[in-house]
Each structure stands twice: as structure tokens, then as C-alpha cells.
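Participant: Structure below; questions to follow.
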Amino acid sequence: MELDTHVTGIKGKTEQRTQLWKRFKKQKTLHLFVGLGMIFLLVFAYTPMFGILMAFKQYSISTGIKGIFTSEWVGLKHFNEFFNDYQFGTIVRNTLALSLLKILFSFPAPILLAILLSEVKNLKFKRFVQTISYLPHFISWVVVAGIAFAFLSTDIGMVNKALLGLGIIDKPLDILTNPNYFWGLATGSAVWKEMGWWTIIFLAAIAGINPSLYEAAQIDGAGRLARIRHITFPGMKGTIVVVLILTIGSILGGGLVGSNFEQAYLFGNSINNPTSEIVQTYAFKVGLRDGRFSYAAAIDLIQSVISVILIFSSNYIAKRTSGSSLF
Amino acid sequence: MKRNKGKKALLLSLILMMTIAMMSACGNSNDGQVNNSAGSEPPAKSNEVKELSLFIDASWYPVKEWTGAVAEKITEKTGVKLKVTVATDDKQLPLMIASGDLPDLVFTNSNIDRMSDSKLSYPWNELIKKYAPEFKIDPIRIAIHTMDDGNFYTVRNSFATQEEMAQNKYSVGSDGNPGIAVREDILQELGNPPIDTIDDFMKVLGMVKEKYPDMIPLIMDKDWIEQYFLMQFGVEGLLDGWYERDGKVDYAIRQPEMLDFFKFMNRLYREGDILAENFAYTNDQIDDQYATSGKAFAHMHTVSIADSDNSKVKNAGGTYTFKMLSSSISKDAKAVSSGLGFAGTFITKKNKDPEASIKFLQYLASDEGKKLTMFGVEGEHWTWNDEGYPNLKYDPSDADFVNSNGIKWWYLYNDGVTEGMLSYVPGAQKTKALMERKAITVYKPELGLIQLQPDSDEKTIKTKIDEMIKNEKVKIYLAESEEEAVANYESMVKNAEKIGLDRLVDWANQTYQKKKDLFKK
């Protein structure tokens, strides 16, 4: 290769350039698409990053955008304040616990559902289940919170009424307010809402497996479970790893199913606050309601740094152990 | 050839799109013109009516549009009409400030500190000097609202000094005072037990629970959970306020009486008189539904709650009625008025016509303007009684009538004396409750002067402490035993001290010493 370029290099860079230009012209529609995406990232992801400066300054909103540059430097003051907040431990614990619980339950769930669905022979039933399970994905969290209230409220909730009526419990369950139920409520509702949606990706991965493998295994006498274990599962591995890395990258936002913020904000109240306050809701409250943008920026910056560390390390581990990785 | 076709198609579709856009734009502007000429016809005989935008920073605000007899009359008198937006939540105004997207006028109570900023609002003193030199505001009100930069940016409504209140015996107070209504029929079935002390009340709640197990003994409006009982225990100020003893100021949560209050609230919960869920309501209609659907015995809200529940029940065809408990059911009961008023109007820097705005407020501040906003149109809604109060031709507790006519709620500038007269309806339950309250009221407006400057360290500390209290107080209310409640209370106070309560209190005392002479004559 190296020698090659060396030789052609003399012949003329101009020729190379025209070739490049020709190739570019050929692909111009594609470049247009990529370009739009890049502009989007540049405008909405990279440009606003100068706002990070705020985290190290004493910024006041009334000074406008200019104030981000002109306000006084305060170093790590805001970071220290967050670390010394009386709720710091609780908030971080809640964020991590909620995120880990969601990964633990919401990641395997669509894989299992996809495998189960792929084993269903009745096509109508399969479609029915798939449709039903992915429909909740399209409901907004605000609506889900409303539905949850109708189902789970201690006073008018259908679930409580049914359980009381059947004599299974003798006191209504305060699922919406008891701090002990919040993590379960959040994880459960997130799995319910997003499981069907992610199943589609895994079903696609299963569809890509060569059917002759199954036939051969059947002839060799492999049962259903053995086929799942030795053919379906390894066939999905690549997809699973990529999705897992993406999930870990966004773990603090709730991973695959996202929505940590929406849930903590909508299901959270002053009673379950000890388990429902997370970093994002806290930053939102101090940032917007109290107008302390510097402090909120510092809090979010901490969270972003943790996320970046997580995605790089999970990518590294995935590369070492399974060979597939994002980058 | 092929490429040409593609180009042609593109061009054609572009032309088509542009023509459609142009046509629709024309259509719009046509519509606009028609509307404009139609809209400006009637007032054209005097001057042109100016439209100003107003943001109301209170999601519960009962009037949402500039309509009704009062609004029309104000427009007639001032040539100004308002385009009103009511907040959807408490973060909307901070967001608008952040994005610089402010309307002409802002009416707020919780963001007065933040809006009193020369970058966001016009100082009233400058505007008055320039455009409305006859607009006279009394010196106490100016002093209260003057910020560190020497300007005042608003004057709160609902404020009256002790002397003003004493001089006007028919000014009994505003609706915004706490009260409890109880079901009259059930009380009768229980044999009309007396409710003269807090313990009596607890006993009655217990009886209700025993006899009507499906009923909730006490339902509370989400914004009125503490005020009534704080008053009964003689606590000065609310959980986020100040109290004064022997010339020294301290934060309200450290008052000795505060622990008794918390123990009592916890007892209410442990004995099953209140719902835990009540502390999680984000909607202020839930408690009303409980009360007016017959599912609750007592309803805690404001002094007008019995009247308004009764009219709702009656409209729905119900037969039972509510009656107000006395405003004082304890010998310790004490209402401390440290209020500087409720909310104020700001003329923002984005205002397109500061002159019209300040003149608009000047009219509202005139005697005629105050009576018009507060009581309605003279002759049509009220006539003046020579005793010194208005004879109202409507029931001020009939919320539908009051709101649809825009009575009271356009009090962008008003005072506590005029407002207090709206509540003087001989014979009404609210009036009685308010007179009882007036009797136990102590005035300490100096406490209200402990005001924080926006973006100051003290403000940050106070915000953090208040937020902490909001979270921690629920743990006290819902503790499983009294020991646990006391322990949670102590840990709350300790947390506050960790955040910097002592520094805040030191600062408050300095400010208090500096400002308390303002009210001395």
C-alpha cells in the first residue's frame, strides 16, 4: 500500500483529487444525508457545549448569553456544593439503583420475548402479541402516569379495589406514594412500555439466522431448548452486544428504555421523594425553578462524565470478550 | 434527458409550493385586516384600544381571559385590554425569564425577588416620574418594595397596615386565610359534640371514623395543609417564614411550638384521620371532589370553603351542608400577619408601551379603580353603604358568578382594606370566620421585610432549606410513631443547620434591625 501511494504520488496529486471529486459527485445524495446529520449534531450537540463554561462560573441568567463568558470564575465551587449536599448520597444512590434495576430487567426482557415469539408457530397469535406488546411504546409518559393513577391509587385504583374485593389484602397498597415501591413501579412500567418495541430488533436478528442450521440441528436430534441455546442465541449475539453497549452508554438516563427523568418527575411526589429524587430531576429543579443555572450545569456535567466513562469501558470490555464493539 | 425531467419536476413542485404559500399568506393577511377593522370599531370613537400581554404566574388562577363586566369597564376607562396567559406550572415564568421571552406585564407572587431586577423590569419610580406624576403611592408601600438599588418595581396587592385595618372595621380580611368546614348533618347525628379545643376536634374525627368507616375524616387542599393548625398552635408564620421573640428573629421551624404542631399532624395520620396520599396530590381539585361528593367529613382550605362547598353541593342536587369551624379552636391560637401583601405586577423591559402600562396601573390604584376591580361595576353589582362598606348584589362565594364577571381577580393593583370589605357580608360564614381571625391577629409586618436579594448566597441557602423542609416534613407527618416523628423533626432542623441556617439567621437579624423602624412613626 505504502509503496503504491508513493509511486502514484509523484504522478500527480491533482489526478487523485479529481478522482476523489468524481467519487464525491457520484455519492452526492448520500453525502447530503450525512451532511444534514452532521449539521444537526454541530448545531444541537456541539455548539451548545460552550455552555459548560457556566459550571465553573457564577452565572446569572439576567446577563444573557454574553454573561456566560463575562461572569466571574469560581472554579469547582458548584461541584463541591453538590458533593456536600445533604441529599447527595440519596440522589446518587437512587440514580444508580434505578438505572441498574432497569438494565437488569429491561435488557433481558425483549430478548426473551423475541425468542418466545420466534418459537410461536401460529402466525396470527404471534402478530397479535407483537402488536399488543409494542403499542405502549407510543403512549407518552404523562399519559402512563395518569393511567397508573387510575389503576394504582389507594382510593380509586382498580388494582387496589380488585385486591381488596378478593380479600387478598386488607389495606390498600400505597404503590404510588410509598418510597419502597417506587423503584419497582418505575422498572415495571418501563419494561411494560418498551419491551415490545425492542423485541422488533431482536426478532430481526433472529430472522437473519439461516434456517438450514435449525433443520440440521433437528436432524441431529437437538430439542427445542438445545436449538435455542446453540443456534438462536449465538445468532443474536452480535445484536445483543451492540444494544448492550448503547444501553450502558445511556445507563444514567435509564438505558434501553430511557425515561428515568420522566418517571422520577411524574411518579415522584413528596412522599416517595427519598427514593424517587434522581440527579436529573434535582438538576431540573435547582436549574429551572431556582434559576441556578451554574449549579445545575455542574451537576449535569458530572453525570455526563460518568456516562462517557461507562460507554468507553463497556465498549472496551465488549471488544476484549466478544470481539464485537461499537468503535 | 432523465436529469432534465427531474429538474423540471423539482422546479414545478417548488413553484407550486411557493404559490400555495403566497396564497395562504395573502389569505391570512386578509383575515387579519378584516378582524382588525371589526375589532377596533366600537372603541374607535374615543382612542384606540391598546392590547398588552399579561402573564399570571399562578396556575390555579380562576380567570384566564380578559372578559366579563369588570374587564370591559376597565378597558373602557383606560383604553387598555389585556391578552392573558395563565401559567401551566411554577416553572414557566423562570423559563420565560431564562429565554428572555417576557410579555408586557407579569403578575406574580413567588418570583417578586427575581423580577425586581432592572434588567428584567422597569422601575415604577422612573415610569411614574416620567409618565404619571400624579400617581401617588403611600411611603410605607414604597419602602417595603424598594430594593437595594433604590428602585421599586412593583407594589403587592392585599396589603394593609395595622392602622388601616383598625380604622376600617368592615374590612375583615381576604379569602386567602385558612379554615375548616365540617359536615353539619353528620355533626348533628353525632349529637353535636362541642368543638372548642384541638382535642375536641380530634375526638369528633375519631367518632366519624368509627361510625362512618368509609368516610375520610379530614381532607386537605394541597396548598392549605399547614396554615390552619399552625395558627391553632400559635406558630408565627409558615414553615418557610420567620418568627420574632424578644427582638430576635429566627427561622420558623425552630420555634418551640413547631414541634407540637408536627406531633399533632403526625397523630392525625397515625389515627387514620387523614390520607397519606393527601400529601402527594398535585391537583387542587381532588380535595374538593372528596368534600362535595360526600366522601369527607371535614374539608380544610380557606375561610370561604363552607360557602363554596355548599353552593357546589346545592348545584349538584345534594342536601347536606358544611359549616365553618371557628378560626380559633385553641387558647394558643394566634394569627401573625407578617405579610407584605400577595402579588405584584411588573412592567417588563419587553413592554411595548410602558406609558400606557403605568397609567393603567394608576387607574387600578385609584379609589374608583380599586372598587371596580374588587366589587364589580357600581350600581350593577353593588351600591355603597354609608356605614362604610359595599352592599353587594351577589353572593361573593358564588365562584361562578364572581369569576365570569371578573370580580376581584383583576386586582393587579389593590390593597388589603378594599379587598377585606369584599368579605364583609353580614351573616355569611366566611365573614364570621374572618372576624374571629381578625380578633386573634397580631401584626408584625417588619418580619416581612426580611427579603432576600436575588442571586445572593442567603437566597441560595434559604431556597435549599425550604426545599429540604418540603421533602423532610412529609417524613414527620407520616412517621409510624411519635418517637420517630420527633427524631425526624430533629434531623430536619439539623439538616437545615448543616445547609447554613445559622448564617441565614444572622443575616436576617441584621436586616431586621435595619428595617424594623420603617413601621414606627
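Scheme for the C-alpha cells: letters A, B, ... for chains in order shown; per-chain residue numbers from 1; ligand numbers from 1 in order shown.
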So which bits of region 289-403 of chain B end up strand (DSSP E) when you DSSP the backbone, as a list in words?
Facilitator: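 So, restricting region 289-403 of chain B to strand (DSSP E), we get Ala296, Phe297, Ala298, His299, Met300, His301, Thr302, Phe322, Lys323, Met324, Ala335, Val336, Ser337, Gly344, Thr345, Phe346, Ile347, Trp382, Thr383, Trp384, Asn385, Tyr389, Pro390, Asn391 and Leu392 of chain B.
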Participant: Which residues come within 12 Å of Ile74 (chain B), counting only C-alpha atoms, excluding same-chain residues fewer than 3 positions away, as a VMD selection string?
Facilitator: chain B and resid 49 66 to 71 77 to 82 359 to 366 368 to 374 376 to 377 406 to 407 410 to 412
Participant: Quick one: contact table of chain A to chain B, 10 Å max, nearest atom pair and distance in Å to one decimal per residue, counting only C-alpha atoms, chain and number order, as a Markdown table?
Facilitator:
```
| residue | atom | partner | partner_atom | distance |
| --- | --- | --- | --- | --- |
| A:Gln58 | CA | B:Asp455 | CA | 9.5 |
| A:Tyr59 | CA | B:Asp455 | CA | 9.3 |
| A:Ser60 | CA | B:Asp455 | CA | 7.2 |
| A:Ile61 | CA | B:Ala98 | CA | 6.0 |
| A:Ser62 | CA | B:Lys119 | CA | 6.4 |
| A:Thr63 | CA | B:Lys119 | CA | 8.0 |
| A:Gly64 | CA | B:Ala98 | CA | 8.1 |
| A:Ile65 | CA | B:Ser99 | CA | 9.9 |
| A:Glu81 | CA | B:Ile499 | CA | 9.9 |
| A:Asn84 | CA | B:Ile499 | CA | 9.1 |
| A:Asp85 | CA | B:Ile499 | CA | 7.7 |
| A:Tyr86 | CA | B:Asn495 | CA | 6.9 |
| A:Gln87 | CA | B:Met468 | CA | 8.6 |
| A:Ser153 | CA | B:Glu277 | CA | 8.5 |
| A:Thr154 | CA | B:Glu277 | CA | 7.8 |
| A:Asp155 | CA | B:Glu277 | CA | 8.9 |
| A:Asp174 | CA | B:Glu277 | CA | 8.0 |
| A:Leu176 | CA | B:Glu277 | CA | 8.4 |
| A:Thr177 | CA | B:Glu277 | CA | 6.6 |
| A:Asn178 | CA | B:Ala276 | CA | 9.2 |
| A:Phe267 | CA | B:Ala280 | CA | 9.9 |
| A:Gly268 | CA | B:Ala280 | CA | 8.7 |
| A:Asn269 | CA | B:Ala280 | CA | 5.4 |
| A:Ser270 | CA | B:Asn471 | CA | 5.6 |
| A:Ile271 | CA | B:Val474 | CA | 6.1 |
| A:Asn272 | CA | B:Ala280 | CA | 8.7 |
| A:Asn273 | CA | B:Asn471 | CA | 6.7 |
| A:Pro274 | CA | B:Asn471 | CA | 8.0 |
| A:Phe284 | CA | B:Lys91 | CA | 9.8 |
| A:Lys285 | CA | B:Lys91 | CA | 8.7 |
| A:Val286 | CA | B:Lys464 | CA | 8.8 |
| A:Gly287 | CA | B:Pro94 | CA | 9.4 |
| A:Leu288 | CA | B:Pro94 | CA | 6.2 |
| A:Arg289 | CA | B:Lys91 | CA | 5.3 |
| A:Asp290 | CA | B:Thr463 | CA | 7.4 |
| A:Gly291 | CA | B:Pro94 | CA | 6.6 |
| A:Arg292 | CA | B:Asp455 | CA | 8.2 |
| A:Phe293 | CA | B:Ala98 | CA | 9.4 |
```
Participant: If you run DSSP over the backbone, which residues in region 94-279 of chain A end up helix (DSSP H, G or I)? Put them as a PyMOL selection string.
Facilitator: chain A and resi 94-106+108-119+123-138+141-152+158-165+179-207+211-219+224-249+251-253+255-257+260-267+273-276+279
Participant: Residues within 12 Å of Phe88 (chain A), please, as a list of chain:residue names. Count only C-alpha atoms; anything in the same chain fewer than 4 positions from it doesn't count.
Facilitator: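 Surrounding residues, per the criterion: A:Phe79, A:Asn80, A:Glu81, A:Phe82, A:Phe83, A:Asn84, A:Val92, A:Arg93, A:Asn94, A:Thr95, A:Pro274, A:Glu277, A:Ile278, A:Val279, A:Tyr282, A:Ala283, A:Ile299.
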Participant: With only C-alpha atoms as the atoms that count, which of B:Glu189, B:Ser116, B:Thr292, B:Asp250 lies nearest to Gln510 (chain B)?
Facilitator: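 Of B:Glu189, B:Ser116, B:Thr292, B:Asp250, the one nearest Gln510 (chain B) is B:Asp250, counting only C-alpha atoms.
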Participant: Using only C-alpha atoms, pick whichever of B:Ile112, B:Leu504, B:Leu268, B:Met300 has the shortest atom-to-atom distance to Trp242 (chain B).
Facilitator: B:Leu504
Participant: Just the number, please: distance in Å from CA of Val336 (chain B) to CA of Glu458 (chain B), one decimal.
Facilitator: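 Atom-to-atom, CA of Val336 (chain B) to CA of Glu458 (chain B), that is 24.0 Å.
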Participant: For region 239-256 of chain A, list every protein, DNA or RNA residue within 10 Å, evaluated using only C-alpha atoms, and leave out those in the same chain fewer than 4 positions away; present the list as a ChimeraX atom specification.
Facilitator: /A:95-103,106-108,111,187,190-191,194-195,198,201-202,204-206,233-235,260-263,278-280,303-304,306-319,322-326
Participant: Leaving out Ile186 (chain B) and any residue of its chain fewer than 5 positions from it, which residues lie within 9 Å of it when counting only C-alpha atoms, given as an MDAnalysis selection string?
Facilitator: chainID B and resid 191:192 208 297 320
Participant: Residues of the last selection are to be written out with all heavy atoms, as a CSV table (one decimal), in the first residue's frame.
Facilitator:
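File again.csv, as written:
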```csv
chain,number,residue,atom,x,y,z
B,191,GLY,N,-74.6,14.0,67.7
B,191,GLY,CA,-75.1,14.6,68.9
B,191,GLY,C,-74.5,16.0,69.1
B,191,GLY,O,-74.4,16.4,70.3
B,192,ASN,N,-74.0,16.6,68.1
B,192,ASN,CA,-73.5,18.0,68.2
B,192,ASN,C,-72.4,18.1,69.3
B,192,ASN,O,-72.6,19.0,70.2
B,192,ASN,CB,-74.6,19.0,68.4
B,192,ASN,CG,-75.1,19.5,67.1
B,192,ASN,OD1,-74.3,19.7,66.1
B,192,ASN,ND2,-76.4,19.8,67.0
B,208,VAL,N,-66.3,10.1,63.8
B,208,VAL,CA,-66.6,10.0,62.4
B,208,VAL,C,-66.1,8.7,61.9
B,208,VAL,O,-66.7,7.9,61.2
B,208,VAL,CB,-66.2,11.2,61.6
B,208,VAL,CG1,-66.4,10.9,60.1
B,208,VAL,CG2,-66.8,12.4,62.1
B,297,PHE,N,-65.7,14.2,55.8
B,297,PHE,CA,-66.4,14.9,56.9
B,297,PHE,C,-65.9,16.3,57.0
B,297,PHE,O,-66.7,17.2,57.0
B,297,PHE,CB,-66.2,14.1,58.2
B,297,PHE,CG,-66.6,14.9,59.4
B,297,PHE,CD1,-67.9,15.2,59.7
B,297,PHE,CD2,-65.6,15.4,60.3
B,297,PHE,CE1,-68.3,15.9,60.8
B,297,PHE,CE2,-66.0,16.2,61.4
B,297,PHE,CZ,-67.3,16.4,61.6
B,320,TYR,N,-76.9,17.9,51.9
B,320,TYR,CA,-76.1,18.2,53.1
B,320,TYR,C,-75.5,19.6,53.0
B,320,TYR,O,-75.3,20.1,51.9
B,320,TYR,CB,-75.1,17.1,53.4
B,320,TYR,CG,-74.2,16.7,52.3
B,320,TYR,CD1,-73.1,17.5,52.1
B,320,TYR,CD2,-74.6,15.7,51.4
B,320,TYR,CE1,-72.3,17.2,51.0
B,320,TYR,CE2,-73.8,15.4,50.3
B,320,TYR,CZ,-72.6,16.1,50.1
B,320,TYR,OH,-71.8,15.8,49.1
```
